[in-house]
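Quick notes on the structure that follows.
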Amino acid sequence: MSTRVASWLAWSVCAVSLVLITGSMVFLVLNGGTVQDWIFVGGMVLTAIVGGLVASRRPGNPVGWFFVVSAASLALQALTSEYAQYGLITDPGSVPAARALAWPQTWLWVPGIVLLLILLPLYFPNGRLLSRHWRWVVWLAVVLCVLAAVNTALLKKEADVNTSIANPLAIEVPASAFSLFETMLEGLLTAVAV
């Protein structure tokens, strides 16, 4: 990919992220967001801008791409979460497809967090692993990211714990099996992050 195309792509993803963040801010105001919600929004804005800047200037370095893709994932999660909350709780029935949009926010946070907390430290600052022996950690992180996303997308009964919105695509699984799987997955993700 040429530098010009990479720069255009980085700023485009950054711009889309900022538009999604703006949309989530509108619904955040309507839903009466907390200070913690606004701090999260500020972090997403900074992540998108830093990602766009680094990825556009150093397209071969994955660090910038981790930031900008993480921002896009978290921004889309925030928008779908606030939209669903508005359409199902704040003003029920006022917006279309609120129930359907309760689902993406169940899992979109996973890649955003994995990119920032696991992959970014492995590639920071020069975009290369310390040695090829760290590749297994990258592959394990990717596999765990997919498993965690599937877990939260299909096995969790609540789409949003804070608002008790039901997950529209939840599959019935015995609570003990789900709890065991989730505990193992969280333990593995924490170990990989450390």
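Labels for the structure tokens follow display order: chains A, B, ..., residues from 1 in each chain, ligands from 1.
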Contacts of region 172-184 of chain A at 12 Å (only C-alpha atoms; same-chain gap of 4+ positions) as a PDB file with C-alpha atoms, in the first residue's frame:
ATOM      1  CA  LEU A 144      -8.776 -15.278  22.681  1.00  0.00           C
ATOM      2  CA  LEU A 147     -13.505 -16.431  21.616  1.00  0.00           C
ATOM      3  CA  ALA A 148     -14.282 -13.483  23.907  1.00  0.00           C
ATOM      4  CA  ALA A 149     -16.243 -11.735  21.143  1.00  0.00           C
ATOM      5  CA  VAL A 150     -18.265 -14.889  20.420  1.00  0.00           C
ATOM      6  CA  ASN A 151     -18.795 -15.410  24.144  1.00  0.00           C
ATOM      7  CA  THR A 152     -20.192 -11.942  24.708  1.00  0.00           C
ATOM      8  CA  LEU A 154     -23.926 -15.166  21.765  1.00  0.00           C
ATOM      9  CA  LEU A 155     -23.707 -16.465  25.321  1.00  0.00           C
ATOM     10  CA  LYS A 156     -24.297 -13.430  27.537  1.00  0.00           C
ATOM     11  CA  LYS A 157     -27.956 -12.949  28.409  1.00  0.00           C
ATOM     12  CA  GLU A 158     -27.639  -9.196  28.927  1.00  0.00           C
ATOM     13  CA  ASN A 167     -29.088  -9.677  24.311  1.00  0.00           C
ATOM     14  CA  PRO A 168     -31.357 -10.333  21.284  1.00  0.00           C
ATOM     15  CA  LEU A 188      -6.355 -16.355  29.899  1.00  0.00           C
ATOM     16  CA  LEU A 189      -6.897 -12.828  28.551  1.00  0.00           C
ATOM     17  CA  THR A 190      -5.528 -11.333  31.767  1.00  0.00           C
ATOM     18  CA  ALA A 191      -2.476 -13.634  31.643  1.00  0.00           C
TER      19      ALA A 191
END
Go through region 110-186 of chain A and flag each residue having an atom no more than 9 Å from region 65-78 of chain A; for those, report the closest pair of atoms plus their distance in Å to one decimal, using only C-alpha atoms, ordered by chain and rising number, as a tab-separated table.
residue	atom	partner	partner_atom	distance
A:Val110	CA	A:Ser73	CA	8.5
A:Pro111	CA	A:Ser70	CA	6.8
A:Gly112	CA	A:Ser70	CA	4.0
A:Ile113	CA	A:Ser70	CA	7.0
A:Val114	CA	A:Ser70	CA	8.4
A:Leu115	CA	A:Phe66	CA	5.6
A:Leu116	CA	A:Phe66	CA	6.7
A:Leu119	CA	A:Phe66	CA	7.6
A:Leu120	CA	A:Phe66	CA	6.5
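Using only C-alpha atoms for every distance, the candidate list A:Ser7, A:Thr80, A:Gln85, A:Ser24 yields A:Thr80 as the residue closest to Trp103 (chain A).
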Check which residues of region 71-156 of chain A sit at most 9 Å from region 29-40 of chain A using only C-alpha atoms, and return one row each with the closest pair of atoms and their distance in Å to one decimal, ordered by chain and rising number, as a tab-separated table.
residue	atom	partner	partner_atom	distance
A:Glu82	CA	A:Asn31	CA	7.3
A:Gln85	CA	A:Asn31	CA	7.4
A:Tyr86	CA	A:Asn31	CA	6.1
A:Ile89	CA	A:Asn31	CA	8.7
A:Thr90	CA	A:Asn31	CA	6.1
A:Asp91	CA	A:Asn31	CA	9.0
Item to check | Residues within 10 Å of Leu79 (chain A), only C-alpha atoms, excluding chain neighbours under 3 positions, as a PyMOL selection string | outcome: chain A and resi 19-28+74-76+82-85+101+104-105
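Nearest-residue note for Gly52 (chain A): choosing from A:Gly187, A:Gly87, A:Gly64, A:Gly93, the minimum distance belongs to A:Gly64, counting only C-alpha atoms.
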